[in-house]
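Colleague: Sharing structure.tsv, TSV, C-alpha atoms:
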```tsv
chain	number	residue	atom	x	y	z
A	618	MET	CA	-23.65	-146.10	49.04
A	619	ILE	CA	-22.56	-149.68	48.52
A	620	TYR	CA	-19.34	-151.03	50.00
A	621	SER	CA	-17.77	-154.48	49.64
A	622	TYR	CA	-15.42	-155.99	52.21
A	623	GLN	CA	-13.89	-159.31	53.12
A	624	HIS	CA	-13.92	-160.50	56.73
A	625	GLN	CA	-12.02	-163.74	57.27
A	626	ASN	CA	-12.88	-165.73	54.11
A	627	GLU	CA	-16.35	-164.27	53.49
A	628	THR	CA	-17.23	-161.31	51.22
A	629	TYR	CA	-19.95	-158.91	52.38
A	630	SER	CA	-21.79	-156.15	50.54
A	631	VAL	CA	-22.98	-153.23	52.69
A	632	ASN	CA	-25.68	-150.95	51.29
A	633	LEU	CA	-25.78	-147.86	53.54
A	634	GLU	CA	-28.59	-145.33	53.05
A	635	ARG	CA	-29.15	-142.09	54.94
A	636	GLN	CA	-32.83	-141.54	55.75
A	637	PRO	CA	-34.61	-138.14	55.61
A	638	ASP	CA	-34.73	-138.01	59.43
A	639	GLY	CA	-30.90	-138.32	59.65
A	640	THR	CA	-30.87	-142.00	60.66
A	641	TYR	CA	-29.36	-144.78	58.55
A	642	THR	CA	-30.46	-148.11	57.12
A	643	ALA	CA	-27.80	-150.74	56.42
A	644	ALA	CA	-28.41	-153.93	54.46
A	645	ILE	CA	-25.49	-156.36	54.88
A	646	SER	CA	-25.44	-159.29	52.44
A	647	ASP	CA	-23.06	-162.24	52.43
A	648	SER	CA	-21.93	-164.18	49.37
A	649	ALA	CA	-24.63	-166.83	50.00
A	650	GLY	CA	-27.32	-164.17	49.51
A	651	ARG	CA	-28.38	-163.85	53.17
A	652	THR	CA	-29.17	-160.25	54.10
A	653	ARG	CA	-29.46	-158.63	57.53
A	654	ARG	CA	-31.00	-155.17	57.84
A	655	TYR	CA	-30.32	-152.61	60.55
A	656	HIS	CA	-31.87	-149.20	61.24
A	657	PHE	CA	-29.80	-146.93	63.48
A	658	ALA	CA	-28.82	-143.43	64.47
A	659	ALA	CA	-25.14	-142.49	64.34
A	660	GLN	CA	-23.30	-139.73	66.18
A	661	ARG	CA	-19.64	-138.97	65.40
A	662	LEU	CA	-17.42	-138.86	68.50
A	663	ALA	CA	-13.81	-137.70	68.87
A	664	HIS	CA	-12.44	-141.26	68.48
A	665	GLY	CA	-15.32	-143.22	66.94
A	666	TRP	CA	-19.07	-143.46	66.66
A	667	ARG	CA	-22.06	-143.75	68.99
A	668	LEU	CA	-24.64	-146.01	67.35
A	669	GLN	CA	-28.19	-146.38	68.62
A	670	LEU	CA	-30.03	-149.50	67.42
A	671	GLU	CA	-33.55	-149.44	68.90
A	672	ASP	CA	-32.90	-149.20	72.68
A	673	ARG	CA	-29.23	-150.31	72.53
A	674	VAL	CA	-26.32	-147.85	72.44
A	675	ILE	CA	-23.07	-149.21	71.02
A	676	GLY	CA	-19.65	-147.58	70.72
A	677	ALA	CA	-17.72	-148.28	67.52
A	678	TYR	CA	-14.12	-147.30	66.85
A	679	THR	CA	-12.44	-147.49	63.45
A	680	ALA	CA	-8.96	-147.24	61.98
A	681	ALA	CA	-7.66	-147.61	58.43
A	682	VAL	CA	-4.31	-148.77	57.12
A	683	GLY	CA	-4.05	-149.02	53.34
A	684	ASP	CA	-6.85	-151.29	52.07
A	685	GLU	CA	-7.63	-152.61	55.56
A	686	ARG	CA	-10.30	-151.27	57.89
A	687	PHE	CA	-10.31	-152.17	61.59
A	688	VAL	CA	-13.57	-151.91	63.50
A	689	PHE	CA	-13.78	-152.36	67.28
A	690	VAL	CA	-17.39	-152.91	68.29
A	691	GLY	CA	-19.09	-154.99	70.95
A	692	GLY	CA	-15.81	-156.14	72.48
A	693	GLU	CA	-14.56	-157.57	69.20
A	694	THR	CA	-12.13	-156.31	66.56
A	695	LEU	CA	-13.08	-156.95	62.95
A	696	THR	CA	-10.50	-156.73	60.18
A	697	LEU	CA	-12.14	-155.77	56.88
A	698	ARG	CA	-10.33	-155.84	53.55
A	699	LEU	CA	-11.26	-154.95	50.02
A	700	PRO	CA	-12.34	-158.19	48.30
A	701	ASP	CA	-9.56	-160.24	46.73
A	702	LYS	CA	-10.95	-161.28	43.36
A	703	ARG	CA	-8.24	-163.94	42.98
A	704	ARG	CA	-9.51	-165.91	46.00
A	705	ARG	CA	-12.40	-168.29	45.35
A	706	ARG	CA	-15.22	-168.45	47.86
A	707	GLY	CA	-14.99	-171.56	49.98
A	708	ALA	CA	-11.41	-172.29	48.97
A	709	SER	CA	-9.65	-174.66	51.30
A	710	SER	CA	-7.29	-173.21	53.86
A	711	ALA	CA	-5.12	-176.32	53.67
A	712	GLY	CA	-1.52	-175.24	53.32
A	713	ALA	CA	-2.45	-171.64	54.13
A	714	ALA	CA	-0.60	-169.56	56.68
A	715	ALA	CA	-1.62	-166.44	58.56
A	716	ALA	CA	-0.02	-163.92	60.85
A	717	LEU	CA	-2.07	-161.95	63.38
A	718	THR	CA	-0.83	-158.39	63.70
A	719	ALA	CA	-1.70	-155.58	66.09
A	720	GLN	CA	-4.15	-153.09	64.59
A	721	MET	CA	-3.05	-150.31	66.95
A	722	PRO	CA	-0.58	-149.73	69.78
A	723	ALA	CA	-1.71	-151.87	72.74
A	724	GLN	CA	-0.62	-153.90	75.73
A	725	VAL	CA	-0.82	-157.70	75.75
A	726	THR	CA	-3.01	-158.67	78.73
A	727	ASN	CA	-3.13	-162.43	78.15
A	728	VAL	CA	-1.65	-165.03	75.78
A	729	LEU	CA	-3.94	-168.06	75.50
A	730	VAL	CA	-1.86	-170.26	73.13
A	731	ALA	CA	1.68	-171.52	72.69
A	732	ALA	CA	3.70	-172.72	69.69
A	733	GLY	CA	2.47	-176.16	68.65
A	734	ASP	CA	-1.13	-175.64	69.82
A	735	THR	CA	-3.89	-176.59	67.38
A	736	VAL	CA	-6.44	-173.78	66.93
A	737	THR	CA	-9.76	-173.35	65.15
A	738	ARG	CA	-10.99	-170.39	63.15
A	739	GLY	CA	-12.54	-167.80	65.49
A	740	GLN	CA	-10.77	-169.11	68.62
A	741	THR	CA	-9.39	-166.32	70.81
A	742	LEU	CA	-5.58	-166.52	70.84
A	743	LEU	CA	-4.66	-163.50	72.91
A	744	LEU	CA	-6.09	-160.38	74.53
A	745	LEU	CA	-4.88	-156.83	74.04
A	746	GLU	CA	-5.84	-153.62	75.79
A	747	ALA	CA	-5.88	-150.29	73.97
A	748	MET	CA	-7.59	-147.07	75.06
A	749	LYS	CA	-9.13	-148.96	78.02
A	750	MET	CA	-10.79	-151.45	75.64
A	751	GLU	CA	-10.21	-155.20	75.55
A	752	ILE	CA	-9.41	-156.52	72.07
A	753	ARG	CA	-9.78	-160.26	71.43
A	754	MET	CA	-7.45	-161.50	68.69
A	755	ALA	CA	-8.98	-164.55	67.01
A	756	ALA	CA	-7.56	-167.20	64.67
A	757	PRO	CA	-8.47	-166.39	61.05
A	758	LEU	CA	-8.23	-170.06	60.07
A	759	ASP	CA	-7.86	-173.57	61.46
A	760	GLY	CA	-4.24	-174.58	61.95
A	761	THR	CA	-1.27	-174.97	64.24
A	762	VAL	CA	0.41	-172.08	66.05
A	763	SER	CA	3.92	-171.93	64.61
A	764	ARG	CA	5.12	-168.95	66.64
A	765	VAL	CA	3.97	-166.65	69.43
A	766	SER	CA	5.95	-163.40	69.18
A	767	VAL	CA	4.65	-161.62	72.30
A	768	HIS	CA	4.25	-162.16	76.04
A	769	LYS	CA	1.87	-160.94	78.74
A	770	GLY	CA	2.56	-157.33	79.70
A	771	GLN	CA	4.39	-156.48	76.48
A	772	VAL	CA	3.51	-153.24	74.66
A	773	VAL	CA	3.07	-153.75	70.91
A	774	GLU	CA	2.99	-151.32	67.99
A	775	ARG	CA	0.54	-151.23	65.07
A	776	GLY	CA	1.50	-153.82	62.46
A	777	GLN	CA	3.64	-155.88	64.84
A	778	THR	CA	3.27	-159.65	64.37
A	779	LEU	CA	1.67	-161.30	67.41
A	780	VAL	CA	1.00	-164.93	66.42
A	781	GLU	CA	1.74	-167.01	63.31
A	782	ILE	CA	-0.47	-169.94	62.26
A	783	GLU	CA	0.22	-172.65	59.65
```
Have the structure of the file written as structure tokens, please.
Modeller:
Amino acid sequence: MIYSYQHQNETYSVNLERQPDGTYTAAISDSAGRTRRYHFAAQRLAHGWRLQLEDRVIGAYTAAVGDERFVFVGGETLTLRLPDKRRRRGASSAGAAAALTAQMPAQVTNVLVAAGDTVTRGQTLLLLEAMKMEIRMAAPLDGTVSRVSVHKGQVVERGQTLVEIE
């Protein structure tokens, strides 16, 4: 099966194949043509997946809302979207704005920015805790924080705006 997703401003193609022994092979290609290959075993759990890559065991948790897929793996939350064909690869983010929203109900454990702060794409802006997991919310683009809508200790709901960036 082949899937296509956008993460931040990059489009990825994922070719997932089940092997005769029940394991999987995934080939993940970016829009520049670079491909990474993984061979792994997967076991479905009540709230996610147990993945075994060689001698490493990794827990992965997923959620879906509309065309968005949220994956919590390795201490990081990835937001995947169906590719937007209107957006050109490498388009400038000048003049762009973004709002970080909570992917699931959680508690804010730390706010690392304030309104007016300059941030870079990938910079951690705040930390959430959900289901005893730490979720790092990162800036999707370079910009200036225009608004922080939450504070440490606050409980947030899925879809709630946390930080706005211009």
Colleague: Considering only C-alpha atoms, can you say which of A:Ser763, A:Gln720, A:Ser630, A:Gln777 comes closest to Ala732 in chain A?
Modeller: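 Between A:Ser763, A:Gln720, A:Ser630, A:Gln777, the residue approaching Ala732 in chain A most closely is A:Ser763.
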Colleague: Mind pulling up the distance from CA of Pro757 in chain A to CA of Thr737 in chain A?
Modeller: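 Going from CA of Thr737 in chain A over to CA of Pro757 in chain A covers 8.2 Å.
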Colleague: Point out the residue among A:Val762, A:Ala723, A:Ala658, A:Ala677 with the least atom-to-atom distance to Glu783 in chain A, counting only C-alpha atoms.
Modeller: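 That would be A:Val762, the residue with the smallest distance to Glu783 in chain A.
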Colleague: Write out as a PyMOL selection string the residues lying within 7 Å of range 635-645 of chain A, counting all atoms listed in the file and excluding same-chain residues fewer than 5 positions away.
Modeller: chain A and resi 629-630+652-659
Colleague: Contacts of Ile782 in chain A at 7 Å or less, counting all atoms listed in the file, minus same-chain residues fewer than 2 places along, as an mmCIF file with C-alpha atoms, in the frame of the given file?
Modeller:
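What landed in selection-v7.cif:
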```
data_model
loop_
_atom_site.group_PDB
_atom_site.id
_atom_site.type_symbol
_atom_site.label_atom_id
_atom_site.label_comp_id
_atom_site.auth_asym_id
_atom_site.auth_seq_id
_atom_site.Cartn_x
_atom_site.Cartn_y
_atom_site.Cartn_z
ATOM 1 C CA ALA A 714 -0.600 -169.560 56.680
ATOM 2 C CA ALA A 715 -1.620 -166.440 58.560
ATOM 3 C CA ALA A 716 -0.020 -163.920 60.850
ATOM 4 C CA GLY A 760 -4.240 -174.580 61.950
ATOM 5 C CA THR A 761 -1.270 -174.970 64.240
ATOM 6 C CA VAL A 762 0.410 -172.080 66.050
ATOM 7 C CA SER A 763 3.920 -171.930 64.610
ATOM 8 C CA VAL A 780 1.000 -164.930 66.420
#
```
Colleague: Measure the distance from CA of Asp734 in chain A to CA of Arg753 in chain A in Å and round it to one decimal.
Modeller: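 Calculated distance between CA of Asp734 in chain A and CA of Arg753 in chain A is 17.7 Å.
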Colleague: Calculated over only C-alpha atoms, which of the candidates A:Glu781, A:Ile752, A:Val772, A:Phe689 has the smallest distance to Ala731 in chain A?
Modeller: A:Glu781
Colleague: Please measure the separation of CA of Val631 in chain A and CA of Ile619 in chain A, giving the value in Å to one decimal.
Modeller: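 We find that CA of Val631 in chain A and CA of Ile619 in chain A lie 5.5 Å from each other.
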Colleague: Leaving out Leu743 in chain A and any residue of its chain fewer than 3 positions from it, which residues lie within 6 Å of it when counting all atoms listed in the file, given as a ChimeraX atom specification?
Modeller: /A:727-729,754
Colleague: Counting all atoms listed in the file, note down every residue that has an atom within 12 Å of the point (-25.5, -149.7, 71.1) (file coordinates), as a PyMOL selection string.
Modeller: chain A and resi 655-660+666-677+690-692
Colleague: Name the closest residue to Ala755 in chain A among the candidates A:Val773, A:Val767, A:Leu662, A:Val736; distances are taken between atoms, counting only C-alpha atoms.
Modeller: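 When distances to Ala755 in chain A are compared using only C-alpha atoms, the smallest one comes from A:Val736.
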Colleague: Just the residues within 10 Å of range 679-683 of chain A, please, counting only C-alpha atoms, with nothing from its chain fewer than 3 positions along; format it as a ChimeraX atom specification.
Modeller: /A:664-666,686-690,694-699,720-721,775-776
Colleague: Return the single residue from A:Val730, A:Leu633, A:Ala649, A:Val765 that is closest to Thr718 in chain A, with distances computed using all atoms listed in the file.
Modeller: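 Among the listed residues, A:Val765 lies closest to Thr718 in chain A.
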Colleague: Counting all atoms listed in the file, which of A:Glu693, A:Gly733, A:Arg738, A:Leu717 gets nearest to Glu751 in chain A?
Modeller: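 Among the listed residues, the smallest separation from Glu751 in chain A belongs to A:Glu693.
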Colleague: With all atoms of range 750-766 of chain A from the file as input, state the centre and edge lengths in Å to one decimal of the axis-aligned box that has 3 Å extra on each side, as lines of an AutoDock Vina configuration file.
Modeller:
```
center_x = -2.4
center_y = -163.2
center_z = 67.9
size_x = 22.7
size_y = 29.5
size_z = 21.6
```
Colleague: Taking N, CA and C atoms as the atom set, what does range 753-771 of chain A look like once completed, written as a PDB file, in the frame of the given file?
Modeller:
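Saved the output as rebuild-v2.pdb:
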```pdb
ATOM      1  N   ARG A 753      -9.998-158.815  71.548  1.00  0.00           N
ATOM      2  CA  ARG A 753      -9.780-160.260  71.430  1.00  0.00           C
ATOM      3  C   ARG A 753      -9.244-160.556  70.034  1.00  0.00           C
ATOM      4  N   MET A 754      -8.058-161.142  69.967  1.00  0.00           N
ATOM      5  CA  MET A 754      -7.450-161.500  68.690  1.00  0.00           C
ATOM      6  C   MET A 754      -7.783-162.961  68.416  1.00  0.00           C
ATOM      7  N   ALA A 755      -8.490-163.216  67.323  1.00  0.00           N
ATOM      8  CA  ALA A 755      -8.980-164.550  67.010  1.00  0.00           C
ATOM      9  C   ALA A 755      -8.253-165.149  65.813  1.00  0.00           C
ATOM     10  N   ALA A 756      -8.188-166.473  65.778  1.00  0.00           N
ATOM     11  CA  ALA A 756      -7.560-167.200  64.670  1.00  0.00           C
ATOM     12  C   ALA A 756      -8.375-166.988  63.396  1.00  0.00           C
ATOM     13  N   PRO A 757      -7.746-166.585  62.300  1.00  0.00           N
ATOM     14  CA  PRO A 757      -8.470-166.390  61.050  1.00  0.00           C
ATOM     15  C   PRO A 757      -8.726-167.687  60.290  1.00  0.00           C
ATOM     16  N   LEU A 758      -8.077-168.772  60.728  1.00  0.00           N
ATOM     17  CA  LEU A 758      -8.230-170.060  60.070  1.00  0.00           C
ATOM     18  C   LEU A 758      -7.874-171.187  61.033  1.00  0.00           C
ATOM     19  N   ASP A 759      -8.268-172.403  60.689  1.00  0.00           N
ATOM     20  CA  ASP A 759      -7.860-173.570  61.460  1.00  0.00           C
ATOM     21  C   ASP A 759      -6.391-173.832  61.179  1.00  0.00           C
ATOM     22  N   GLY A 760      -5.645-174.279  62.186  1.00  0.00           N
ATOM     23  CA  GLY A 760      -4.240-174.580  61.950  1.00  0.00           C
ATOM     24  C   GLY A 760      -3.482-174.847  63.226  1.00  0.00           C
ATOM     25  N   THR A 761      -2.173-174.756  63.115  1.00  0.00           N
ATOM     26  CA  THR A 761      -1.270-174.970  64.240  1.00  0.00           C
ATOM     27  C   THR A 761      -0.470-173.694  64.468  1.00  0.00           C
ATOM     28  N   VAL A 762      -0.369-173.267  65.716  1.00  0.00           N
ATOM     29  CA  VAL A 762       0.410-172.080  66.050  1.00  0.00           C
ATOM     30  C   VAL A 762       1.882-172.408  65.806  1.00  0.00           C
ATOM     31  N   SER A 763       2.511-171.685  64.892  1.00  0.00           N
ATOM     32  CA  SER A 763       3.920-171.930  64.610  1.00  0.00           C
ATOM     33  C   SER A 763       4.828-171.031  65.444  1.00  0.00           C
ATOM     34  N   ARG A 764       4.296-169.867  65.848  1.00  0.00           N
ATOM     35  CA  ARG A 764       5.120-168.950  66.640  1.00  0.00           C
ATOM     36  C   ARG A 764       4.254-167.956  67.382  1.00  0.00           C
ATOM     37  N   VAL A 765       4.585-167.710  68.642  1.00  0.00           N
ATOM     38  CA  VAL A 765       3.970-166.650  69.430  1.00  0.00           C
ATOM     39  C   VAL A 765       5.077-165.631  69.667  1.00  0.00           C
ATOM     40  N   SER A 766       4.890-164.416  69.165  1.00  0.00           N
ATOM     41  CA  SER A 766       5.950-163.400  69.180  1.00  0.00           C
ATOM     42  C   SER A 766       5.848-162.417  70.337  1.00  0.00           C
ATOM     43  N   VAL A 767       4.850-162.582  71.220  1.00  0.00           N
ATOM     44  CA  VAL A 767       4.650-161.620  72.300  1.00  0.00           C
ATOM     45  C   VAL A 767       4.438-162.351  73.620  1.00  0.00           C
ATOM     46  N   HIS A 768       4.502-161.600  74.716  1.00  0.00           N
ATOM     47  CA  HIS A 768       4.250-162.160  76.040  1.00  0.00           C
ATOM     48  C   HIS A 768       3.375-161.196  76.840  1.00  0.00           C
ATOM     49  N   LYS A 769       2.748-161.732  77.877  1.00  0.00           N
ATOM     50  CA  LYS A 769       1.870-160.940  78.740  1.00  0.00           C
ATOM     51  C   LYS A 769       2.621-159.729  79.278  1.00  0.00           C
ATOM     52  N   GLY A 770       1.976-158.564  79.202  1.00  0.00           N
ATOM     53  CA  GLY A 770       2.560-157.330  79.700  1.00  0.00           C
ATOM     54  C   GLY A 770       3.319-156.533  78.655  1.00  0.00           C
ATOM     55  N   GLN A 771       3.627-157.140  77.527  1.00  0.00           N
ATOM     56  CA  GLN A 771       4.390-156.480  76.480  1.00  0.00           C
ATOM     57  C   GLN A 771       3.550-155.405  75.788  1.00  0.00           C
TER      58      GLN A 771
END
```
